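Novice: Below you'll find work-v9.txt; it's compact mmCIF, C-alpha atoms and all ligand atoms.
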# COMPACT_ATOMS: atom_id res chain seq x y z
CA MET A 1 -9.97 -4.78 16.40
CA SER A 2 -10.02 -7.46 13.72
CA THR A 3 -6.95 -8.00 11.56
CA VAL A 4 -7.59 -7.09 7.94
CA PHE A 5 -4.08 -7.39 6.57
CA GLU A 6 -1.01 -9.34 7.48
CA ALA A 7 2.43 -9.64 5.91
CA ARG A 8 4.07 -12.81 7.20
CA HIS A 9 7.83 -13.34 7.07
CA LEU A 10 8.40 -11.57 3.75
CA ASN A 11 11.86 -11.92 2.24
CA LYS A 12 13.21 -10.33 -0.94
CA SER A 13 16.71 -9.95 -2.38
CA PHE A 14 17.93 -8.13 -5.46
CA GLY A 15 21.04 -10.07 -6.48
CA GLY A 16 23.07 -10.29 -3.30
CA LEU A 17 21.25 -7.41 -1.58
CA ALA A 18 18.56 -8.47 0.91
CA VAL A 19 16.00 -5.64 0.94
CA ALA A 20 13.25 -7.38 2.91
CA LYS A 21 14.34 -9.57 5.79
CA ASP A 22 11.64 -11.59 7.49
CA ILE A 23 9.16 -8.69 7.57
CA SER A 24 5.92 -9.32 9.46
CA ILE A 25 3.35 -6.54 9.94
CA SER A 26 -0.36 -6.79 10.62
CA LEU A 27 -3.03 -4.10 10.37
CA ALA A 28 -6.46 -3.99 11.95
CA ARG A 29 -9.44 -1.94 10.80
CA GLY A 30 -8.97 1.69 11.74
CA ASP A 31 -5.21 1.41 12.24
CA ARG A 32 -3.04 4.44 11.51
CA VAL A 33 0.49 3.15 11.04
CA ALA A 34 3.58 5.00 9.82
CA LEU A 35 6.40 3.03 8.21
CA ILE A 36 9.60 5.02 8.57
CA GLY A 37 13.31 4.47 8.10
CA PRO A 38 16.39 5.80 6.32
CA ASN A 39 16.67 6.10 2.53
CA GLY A 40 17.11 2.68 0.99
CA ALA A 41 15.75 0.87 4.07
CA GLY A 42 13.25 -1.04 1.91
CA LYS A 43 9.98 0.83 2.60
CA THR A 44 8.83 1.14 -1.02
CA THR A 45 9.98 -2.41 -1.70
CA PHE A 46 7.74 -3.56 1.14
CA ILE A 47 4.75 -1.73 -0.38
CA ASN A 48 5.52 -3.31 -3.77
CA LEU A 49 5.60 -6.76 -2.15
CA VAL A 50 2.25 -6.09 -0.50
CA THR A 51 0.54 -4.77 -3.64
CA GLY A 52 1.90 -7.54 -5.86
CA HIS A 53 4.15 -5.33 -7.99
CA LEU A 54 7.02 -7.45 -6.70
CA ALA A 55 6.95 -11.14 -5.81
CA PRO A 56 8.58 -12.10 -2.50
CA ASP A 57 11.27 -14.81 -2.45
CA SER A 58 9.39 -16.24 0.50
CA GLY A 59 6.60 -15.25 2.86
CA THR A 60 2.88 -14.65 2.63
CA VAL A 61 0.52 -11.70 2.20
CA MET A 62 -2.85 -12.25 3.88
CA PHE A 63 -5.81 -9.98 3.19
CA ASP A 64 -9.19 -10.50 4.84
CA ASP A 65 -8.11 -13.96 6.03
CA ALA A 66 -7.19 -15.11 2.50
CA ASP A 67 -3.71 -15.72 1.06
CA VAL A 68 -3.31 -13.16 -1.76
CA THR A 69 0.43 -13.69 -2.35
CA ALA A 70 -0.14 -15.08 -5.85
CA LEU A 71 -2.80 -12.56 -6.91
CA SER A 72 -2.09 -9.83 -9.49
CA PRO A 73 -2.01 -6.18 -8.32
CA THR A 74 -5.36 -5.56 -10.08
CA LYS A 75 -7.09 -8.38 -8.26
CA ARG A 76 -5.75 -7.15 -4.92
CA VAL A 77 -7.07 -3.66 -5.66
CA ARG A 78 -10.50 -5.09 -6.48
CA GLN A 79 -10.52 -6.79 -3.09
CA GLY A 80 -9.71 -3.51 -1.34
CA LEU A 81 -5.92 -3.51 -0.96
CA VAL A 82 -5.13 -0.13 -2.50
CA ARG A 83 -2.05 2.08 -2.74
CA SER A 84 -2.37 5.75 -3.55
CA PHE A 85 -1.88 6.56 -7.19
CA GLN A 86 1.25 8.52 -8.01
CA VAL A 87 1.13 11.95 -9.65
CA THR A 88 3.05 10.41 -12.54
CA ARG A 89 0.03 8.19 -13.18
CA LEU A 90 -2.42 11.06 -13.55
CA PHE A 91 -3.41 12.12 -17.08
CA SER A 92 -2.36 15.72 -17.55
CA GLU A 93 -5.08 16.51 -20.10
CA MET A 94 -7.91 15.10 -18.00
CA THR A 95 -9.73 16.92 -15.20
CA PRO A 96 -9.95 15.80 -11.55
CA ALA A 97 -13.70 15.15 -12.08
CA GLU A 98 -12.94 12.86 -15.02
CA HIS A 99 -10.29 10.99 -13.03
CA VAL A 100 -12.66 10.27 -10.16
CA ALA A 101 -15.49 9.41 -12.57
CA LEU A 102 -13.23 6.89 -14.29
CA ALA A 103 -12.32 5.28 -10.98
CA VAL A 104 -16.00 5.07 -10.00
CA LEU A 105 -16.96 3.58 -13.38
CA GLN A 106 -14.20 0.97 -13.04
CA ARG A 107 -15.14 0.11 -9.47
CA THR A 108 -18.78 -0.32 -10.36
CA GLY A 109 -17.97 -2.55 -13.34
CA ARG A 110 -18.86 -0.05 -16.03
CA SER A 111 -16.74 0.66 -19.09
CA GLY A 112 -14.30 3.56 -19.16
CA ARG A 113 -15.86 4.35 -22.56
CA MET A 114 -18.81 5.78 -20.66
CA LEU A 115 -16.56 8.56 -19.36
CA GLY A 116 -17.68 10.96 -22.12
CA ASN A 117 -21.18 10.79 -20.67
CA PHE A 118 -20.49 10.65 -16.93
CA GLN A 119 -22.11 13.99 -16.19
CA ALA A 120 -25.46 12.44 -17.13
CA MET A 121 -25.00 9.61 -14.62
CA GLN A 122 -26.42 10.82 -11.35
CA ASP A 123 -24.71 8.31 -9.08
CA VAL A 124 -21.28 8.95 -10.64
CA MET A 125 -21.70 12.72 -10.55
CA ALA A 126 -22.82 12.65 -6.92
CA GLU A 127 -19.79 10.62 -5.92
CA VAL A 128 -17.41 12.80 -7.93
CA GLN A 129 -18.73 15.95 -6.29
CA GLU A 130 -18.72 14.50 -2.79
CA SER A 131 -15.21 13.08 -3.23
CA LEU A 132 -13.63 16.28 -4.55
CA HIS A 133 -15.51 18.37 -1.99
CA SER A 134 -14.34 16.25 0.94
CA LEU A 135 -10.73 16.69 -0.18
CA GLY A 136 -11.13 20.43 -0.74
CA ILE A 137 -10.43 20.35 -4.48
CA ASP A 138 -13.95 20.75 -5.85
CA HIS A 139 -13.10 24.26 -7.07
CA VAL A 140 -10.62 22.77 -9.57
CA ALA A 141 -12.87 19.83 -10.55
CA ASN A 142 -13.02 20.84 -14.20
CA ARG A 143 -9.51 22.18 -14.73
CA ARG A 144 -6.89 20.10 -16.47
CA VAL A 145 -4.59 18.25 -14.09
CA SER A 146 -1.62 19.96 -15.74
CA GLU A 147 -3.06 23.33 -14.61
CA ILE A 148 -3.65 22.58 -10.94
CA ALA A 149 -1.13 22.88 -8.12
CA TYR A 150 1.07 19.93 -7.15
CA GLY A 151 -0.54 19.70 -3.73
CA GLN A 152 -3.96 19.47 -5.41
CA GLN A 153 -2.65 16.67 -7.64
CA ARG A 154 -1.57 14.79 -4.53
CA LEU A 155 -5.01 15.28 -3.00
CA LEU A 156 -6.48 13.90 -6.22
CA GLU A 157 -4.33 10.78 -5.77
CA ILE A 158 -5.97 10.25 -2.40
CA ALA A 159 -9.43 10.85 -3.92
CA LEU A 160 -8.74 8.20 -6.57
CA ALA A 161 -7.55 5.67 -4.04
CA LEU A 162 -10.65 6.28 -1.88
CA ALA A 163 -12.94 5.97 -4.94
CA LEU A 164 -11.85 2.33 -5.08
CA ARG A 165 -13.37 1.87 -1.59
CA PRO A 166 -10.28 0.36 0.02
CA LYS A 167 -10.18 -1.62 3.24
CA VAL A 168 -6.42 -1.09 3.44
CA LEU A 169 -4.79 2.06 2.07
CA LEU A 170 -1.04 2.30 1.50
CA LEU A 171 0.24 5.86 1.13
CA ASP A 172 3.77 6.32 -0.18
CA GLU A 173 4.95 9.77 0.90
CA PRO A 174 1.63 11.61 0.38
CA ALA A 175 3.15 15.00 1.22
CA ALA A 176 6.49 14.65 -0.58
CA GLY A 177 7.20 17.57 -2.87
CA VAL A 178 4.23 19.57 -1.59
CA PRO A 179 5.12 23.13 -0.54
CA GLN A 180 4.97 23.69 3.23
CA SER A 181 2.05 26.09 2.74
CA ASP A 182 -0.08 23.24 1.34
CA THR A 183 0.90 20.34 3.60
CA SER A 184 -1.86 21.24 6.07
CA ARG A 185 -4.41 20.39 3.37
CA ILE A 186 -2.88 16.93 2.99
CA GLU A 187 -2.91 16.51 6.77
CA THR A 188 -6.55 17.53 6.95
CA ALA A 189 -7.36 14.97 4.24
CA LEU A 190 -5.46 12.26 6.13
CA ALA A 191 -7.24 13.13 9.37
CA ALA A 192 -10.60 12.80 7.59
CA LEU A 193 -9.98 9.31 6.14
CA PRO A 194 -12.78 6.83 6.95
CA ALA A 195 -12.44 5.68 10.56
CA ASP A 196 -12.59 1.95 9.80
CA LEU A 197 -10.02 2.11 7.00
CA ALA A 198 -6.61 0.62 7.87
CA VAL A 199 -3.88 3.03 6.71
CA LEU A 200 -0.15 2.47 6.40
CA MET A 201 1.79 5.58 5.44
CA ILE A 202 5.42 6.04 4.48
CA ASP A 203 6.82 9.50 5.04
CA HIS A 204 10.05 11.26 5.92
CA ASP A 205 8.29 14.28 7.45
CA MET A 206 8.43 13.35 11.12
CA ASP A 207 6.06 16.09 12.23
CA LEU A 208 3.43 14.72 9.86
CA VAL A 209 4.19 11.15 10.94
CA PHE A 210 3.84 11.91 14.63
CA ARG A 211 0.59 13.79 14.18
CA PHE A 212 -0.90 11.03 12.02
CA ALA A 213 0.30 7.71 13.40
CA ARG A 214 -0.92 5.80 16.41
CA ARG A 215 1.71 3.15 15.73
CA VAL A 216 5.15 3.41 14.15
CA VAL A 217 7.13 0.67 12.42
CA VAL A 218 10.81 1.34 11.72
CA LEU A 219 12.69 -0.40 8.91
CA ALA A 220 16.48 -0.31 8.65
CA ALA A 221 18.49 -2.27 6.08
CA GLY A 222 15.43 -4.34 5.16
CA ALA A 223 14.52 -5.44 8.69
CA ILE A 224 11.99 -4.20 11.24
CA ILE A 225 13.85 -2.78 14.21
CA PHE A 226 10.83 -1.31 16.02
CA ASP A 227 7.05 -1.71 16.05
CA GLY A 228 5.26 0.25 18.76
CA SER A 229 3.85 3.55 19.90
CA PRO A 230 5.00 7.00 18.73
CA GLN A 231 5.85 7.78 22.36
CA GLU A 232 8.24 4.83 22.64
CA VAL A 233 9.87 5.13 19.24
CA THR A 234 11.83 8.28 20.04
CA GLN A 235 13.23 6.62 23.16
CA ASP A 236 14.40 3.45 21.40
CA MET A 237 18.19 3.43 21.16
CA ARG A 238 18.37 1.35 17.97
CA VAL A 239 15.94 3.69 16.23
CA ARG A 240 17.84 6.74 17.43
CA GLU A 241 21.06 5.33 16.04
CA ALA A 242 19.55 4.22 12.72
CA TYR A 243 17.28 7.12 11.93
CA LEU A 244 15.68 9.39 14.45
CA GLY A 245 18.62 10.66 16.47
CA ASN A 246 18.38 14.36 15.69
CA TYR A 247 14.61 14.43 15.64
CA ALA A 248 14.34 12.66 19.00
CA ASN A 249 16.86 15.02 20.56
CA ALA A 250 14.97 18.04 19.27
CA ARG A 251 11.70 16.68 20.65
CA SER A 252 13.11 16.01 24.08
CA ALA A 253 14.73 19.45 24.16
CA ALA A 254 11.47 21.18 23.12
N1 LIG B 1 14.23 -3.21 -8.77
C1 LIG B 1 15.34 -3.11 -8.02
N2 LIG B 1 16.48 -3.72 -8.37
C2 LIG B 1 17.58 -3.66 -7.61
N3 LIG B 1 17.65 -2.99 -6.43
C3 LIG B 1 16.54 -2.35 -6.01
C4 LIG B 1 15.32 -2.38 -6.78
N4 LIG B 1 14.38 -1.66 -6.12
C5 LIG B 1 14.98 -1.21 -4.99
N5 LIG B 1 16.27 -1.62 -4.93
C6 LIG B 1 17.22 -1.37 -3.83
O1 LIG B 1 16.57 -1.85 -2.66
C7 LIG B 1 16.92 -1.01 -1.56
C8 LIG B 1 15.64 -0.53 -0.89
O2 LIG B 1 15.01 0.43 -1.75
P1 LIG B 1 13.59 1.10 -1.40
O3 LIG B 1 13.26 2.01 -2.53
O4 LIG B 1 12.62 0.05 -1.04
O5 LIG B 1 13.97 1.94 -0.10
P2 LIG B 1 13.12 3.06 0.65
O6 LIG B 1 13.21 2.75 2.10
O7 LIG B 1 11.76 3.16 0.06
O8 LIG B 1 13.97 4.35 0.34
P3 LIG B 1 13.51 5.91 0.17
O9 LIG B 1 13.17 6.40 1.56
O10 LIG B 1 14.73 6.56 -0.36
O11 LIG B 1 12.35 5.96 -0.79
C9 LIG B 1 17.79 0.11 -2.10
O12 LIG B 1 19.14 -0.24 -1.87
C10 LIG B 1 17.47 0.10 -3.57
O13 LIG B 1 18.57 0.57 -4.33
Any chance you could give the structure as structure tokens?

Specialist:
Amino acid sequence: MSTVFEARHLNKSFGGLAVAKDISISLARGDRVALIGPNGAGKTTFINLVTGHLAPDSGTVMFDDADVTALSPTKRVRQGLVRSFQVTRLFSEMTPAEHVALAVLQRTGRSGRMLGNFQAMQDVMAEVQESLHSLGIDHVANRRVSEIAYGQQRLLEIALALALRPKVLLLDEPAAGVPQSDTSRIETALAALPADLAVLMIDHDMDLVFRFARRVVVLAAGAIIFDGSPQEVTQDMRVREAYLGNYANARSAA
């Protein structure tokens, strides 16, 4: 598989606190990687370094064989390096259909001012319908975001990220805050992501992580302490001590 993304030796400190220590991770097309670790390990900081929301003190971010370390977050998104939107970035008065239409208009270089007329644009409408249908939220397409369930809002985040046609998708806790009864919908959406898309997901729900990931990277105190298969990670003594102890014991007892 060809490498599409590579973080090389990223370092970042806040004051005296080193939160990224020589982090190197690469992703190939079709990868399904989970980034796990204790609270405060530096997972979100890593995503921010990758997307350009934070500048590293040293190190390089490579995307599609080009150095994108100095590019703005917007330029990285345009190239296909996309993180899922956060619920807090949705507009409560707008509908899911309008959100997706806006993303499609932006991606295709058309003005957001055309949003009032998107239902007359066949290509936009077709993509909106197909997108919301594939994520199982087409029945709430025309409700206000403030009126739909939290799990549906999180599915809309995924729809918006996919509308940007990413090559690499970074998902920061896609199921966090979603009631247990709805997490299966998120899992179904994750399982149906395009096969050639490279996905890196952060989550604390280990059942979700182990069903989704074919590779697991563990961060602790800003450093990678493990990068390997889900089968090996539960056996790794450093990982057990830093994070997975109880979970690994439960799995081996089951
Ligand atoms: N802008 C900032 N300024 C100072 N310290 C920060 C900043 N952002 C994060 N930190 C610190 O960096 C460390 C890593 O935080 P980060 O949010 O990346 O961890 P995390 O692994 O994503 O944690 P969680 O699982 O709780 O979301 C923490 O100690 C945090 O307090």

Novice: Could you give me the residues within 7 Å of ligand LIG 1 (chain B), counting only C-alpha atoms and all ligand atoms, as a list in words?

Specialist: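 Based on only C-alpha atoms and all ligand atoms, ligand LIG 1 (chain B) is surrounded within 7 Å by Phe14, Val19, Gly37, Pro38, Asn39, Gly40, Ala41, Gly42, Lys43, Thr44, Thr45 and Phe46 of chain A.
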
Novice: To one decimal in Å, tell me the separation between CA of Ala149 in chain A and CA of Leu164 in chain A.

Specialist: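 Interatomic distance here is 23.4 Å.
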
Novice: Quick one: residues within 8 Å of Thr3 in chain A, only C-alpha atoms counted, chain neighbours fewer than 4 positions away excluded, as a PyMOL selection string?

Specialist: chain A and resi 26-29+64

Novice: CA of Val128 in chain A and CA of Val100 in chain A, how far apart in Å?

Specialist: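 Separating CA of Val100 in chain A from CA of Val128 in chain A is a distance of 5.8 Å.
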
Novice: Applying 6 Å and only C-alpha atoms, which residues near Gly59 in chain A remain after dropping the ones on its own chain fewer than 3 positions away? List them as a ChimeraX atom specification.

Specialist: /A:8-10

Novice: Please, could you write that set of residues out with C-alpha atoms as a short mmCIF file (atom, residue, chain, number, x, y, z; two decimals), keeping the file's coordinate frame?

Specialist:
data_model
loop_
_atom_site.label_atom_id
_atom_site.label_comp_id
_atom_site.auth_asym_id
_atom_site.auth_seq_id
_atom_site.Cartn_x
_atom_site.Cartn_y
_atom_site.Cartn_z
CA ARG A 8 4.07 -12.81 7.20
CA HIS A 9 7.83 -13.34 7.07
CA LEU A 10 8.40 -11.57 3.75
#

Novice: Tell me, in Å to one decimal, how far CA of Thr74 in chain A is from CA of Ile25 in chain A.

Specialist: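 Between CA of Thr74 in chain A and CA of Ile25 in chain A the gap is 21.9 Å.
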
Novice: Would you mind telling me which residue in A:Val218, A:Arg144, A:Arg32, A:Ala191 lies nearest to Phe91 in chain A when using all atoms listed in the file?

Specialist: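 Looking only at the distances to Phe91 in chain A, the closest residue turns out to be A:Arg144.
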
Novice: Have a look at A:Asp227, A:Asp172, A:Glu98, A:Asp236 and name the one nearest to Asn48 in chain A; count all atoms listed in the file.

Specialist: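 Closest residue, counting all atoms listed in the file: A:Asp172.
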
Novice: Point out the residue among A:Val124, A:Val4, A:Leu197, A:Val239 with the least atom-to-atom distance to Val217 in chain A, counting all atoms listed in the file.

Specialist: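 Closest to Val217 in chain A, using all atoms listed in the file: A:Val239.
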
Novice: I need the residue nearest Leu190 in chain A from this list: A:Arg165, A:Arg154, A:His99, A:His204. Use all atoms listed in the file for the distance.

Specialist: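 Checking each candidate against Leu190 in chain A, we get A:Arg154 as the closest.
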
Novice: Dump C-alpha atoms of range 117-241 of chain A from the given block, as a CSV table (one decimal), in the first residue's frame.

Specialist:
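Contents of selection29.csv, freshly written:
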chain,number,residue,atom,x,y,z
A,117,ASN,CA,-30.9,27.8,-4.2
A,118,PHE,CA,-29.2,24.4,-3.7
A,119,GLN,CA,-32.3,22.4,-4.1
A,120,ALA,CA,-32.4,23.5,-7.8
A,121,MET,CA,-28.8,22.2,-8.4
A,122,GLN,CA,-29.1,18.6,-9.4
A,123,ASP,CA,-25.6,17.6,-8.7
A,124,VAL,CA,-25.6,19.1,-5.2
A,125,MET,CA,-29.0,17.6,-4.4
A,126,ALA,CA,-27.9,14.2,-5.6
A,127,GLU,CA,-24.8,14.3,-3.4
A,128,VAL,CA,-26.7,15.6,-0.4
A,129,GLN,CA,-29.3,12.8,-0.6
A,130,GLU,CA,-26.7,10.1,-1.2
A,131,SER,CA,-24.5,11.3,1.6
A,132,LEU,CA,-27.3,11.5,4.2
A,133,HIS,CA,-28.8,8.2,3.1
A,134,SER,CA,-25.5,6.4,3.4
A,135,LEU,CA,-25.1,7.6,6.9
A,136,GLY,CA,-28.7,6.7,7.8
A,137,ILE,CA,-29.8,10.3,8.6
A,138,ASP,CA,-31.8,11.1,5.4
A,139,HIS,CA,-35.0,11.0,7.4
A,140,VAL,CA,-33.9,14.1,9.4
A,141,ALA,CA,-32.4,15.9,6.3
A,142,ASN,CA,-34.7,18.9,6.6
A,143,ARG,CA,-34.9,19.2,10.4
A,144,ARG,CA,-32.9,21.8,12.2
A,145,VAL,CA,-29.7,20.5,13.7
A,146,SER,CA,-30.8,21.7,17.1
A,147,GLU,CA,-33.8,19.3,16.9
A,148,ILE,CA,-32.0,16.1,15.9
A,149,ALA,CA,-30.4,13.6,18.3
A,150,TYR,CA,-26.8,14.0,19.4
A,151,GLY,CA,-25.8,10.7,17.7
A,152,GLN,CA,-27.3,12.1,14.4
A,153,GLN,CA,-25.3,15.3,14.8
A,154,ARG,CA,-22.2,13.2,15.1
A,155,LEU,CA,-23.1,11.2,12.0
A,156,LEU,CA,-23.6,14.6,10.2
A,157,GLU,CA,-20.0,15.5,11.2
A,158,ILE,CA,-18.8,12.4,9.4
A,159,ALA,CA,-21.0,13.3,6.4
A,160,LEU,CA,-19.4,16.8,6.2
A,161,ALA,CA,-15.9,15.4,6.4
A,162,LEU,CA,-16.6,12.9,3.6
A,163,ALA,CA,-18.2,15.7,1.5
A,164,LEU,CA,-14.8,17.2,1.3
A,165,ARG,CA,-13.5,14.0,-0.4
A,166,PRO,CA,-10.7,13.3,2.0
A,167,LYS,CA,-7.7,11.1,1.3
A,168,VAL,CA,-6.9,11.0,5.0
A,169,LEU,CA,-9.6,11.3,7.6
A,170,LEU,CA,-8.8,12.1,11.3
A,171,LEU,CA,-11.7,11.3,13.7
A,172,ASP,CA,-11.4,12.7,17.2
A,173,GLU,CA,-13.7,10.5,19.4
A,174,PRO,CA,-16.5,10.0,16.9
A,175,ALA,CA,-18.7,8.2,19.4
A,176,ALA,CA,-18.0,10.3,22.5
A,177,GLY,CA,-21.2,11.4,24.2
A,178,VAL,CA,-23.4,9.2,22.0
A,179,PRO,CA,-25.8,7.1,24.0
A,180,GLN,CA,-25.0,3.3,23.9
A,181,SER,CA,-28.2,2.7,22.0
A,182,ASP,CA,-26.9,4.8,19.1
A,183,THR,CA,-23.2,3.8,19.0
A,184,SER,CA,-23.9,1.0,16.6
A,185,ARG,CA,-25.0,3.5,14.0
A,186,ILE,CA,-21.6,5.3,14.3
A,187,GLU,CA,-19.9,1.9,14.0
A,188,THR,CA,-21.9,1.1,10.9
A,189,ALA,CA,-20.9,4.4,9.4
A,190,LEU,CA,-17.2,3.8,10.2
A,191,ALA,CA,-17.4,0.3,8.7
A,192,ALA,CA,-18.8,1.8,5.5
A,193,LEU,CA,-16.1,4.4,5.0
A,194,PRO,CA,-14.5,4.3,1.5
A,195,ALA,CA,-12.1,1.4,1.3
A,196,ASP,CA,-9.1,3.5,0.0
A,197,LEU,CA,-9.5,6.2,2.6
A,198,ALA,CA,-6.8,6.3,5.3
A,199,VAL,CA,-8.5,6.7,8.7
A,200,LEU,CA,-6.9,7.6,12.0
A,201,MET,CA,-9.4,7.5,14.9
A,202,ILE,CA,-8.9,8.6,18.5
A,203,ASP,CA,-11.3,7.0,20.9
A,204,HIS,CA,-11.5,5.8,24.5
A,205,ASP,CA,-14.1,3.1,23.8
A,206,MET,CA,-11.9,0.1,23.5
A,207,ASP,CA,-14.6,-2.2,22.2
A,208,LEU,CA,-15.2,0.3,19.3
A,209,VAL,CA,-11.4,0.6,18.8
A,210,PHE,CA,-10.8,-3.1,18.6
A,211,ARG,CA,-13.7,-3.7,16.2
A,212,PHE,CA,-12.5,-0.8,13.9
A,213,ALA,CA,-8.7,-0.8,13.9
A,214,ARG,CA,-6.3,-3.0,12.0
A,215,ARG,CA,-3.4,-1.1,13.7
A,216,VAL,CA,-3.2,0.5,17.0
A,217,VAL,CA,-0.8,3.3,18.1
A,218,VAL,CA,-0.4,4.1,21.8
A,219,LEU,CA,0.6,7.5,23.1
A,220,ALA,CA,1.7,8.0,26.7
A,221,ALA,CA,3.1,11.3,28.0
A,222,GLY,CA,3.6,12.6,24.5
A,223,ALA,CA,5.5,9.7,23.1
A,224,ILE,CA,4.6,6.6,21.1
A,225,ILE,CA,5.0,3.5,23.2
A,226,PHE,CA,3.5,1.0,20.8
A,227,ASP,CA,2.6,0.8,17.1
A,228,GLY,CA,1.3,-2.6,16.0
A,229,SER,CA,-1.6,-5.0,15.7
A,230,PRO,CA,-4.6,-5.0,17.9
A,231,GLN,CA,-3.7,-8.6,18.9
A,232,GLU,CA,-0.3,-7.6,20.1
A,233,VAL,CA,-1.3,-4.4,21.9
A,234,THR,CA,-3.1,-6.1,24.8
A,235,GLN,CA,0.0,-8.2,25.4
A,236,ASP,CA,2.4,-5.3,25.5
A,237,MET,CA,3.6,-4.8,29.1
A,238,ARG,CA,4.3,-1.0,28.7
A,239,VAL,CA,0.8,-0.5,27.2
A,240,ARG,CA,-0.8,-2.5,30.0
A,241,GLU,CA,0.9,-0.4,32.6
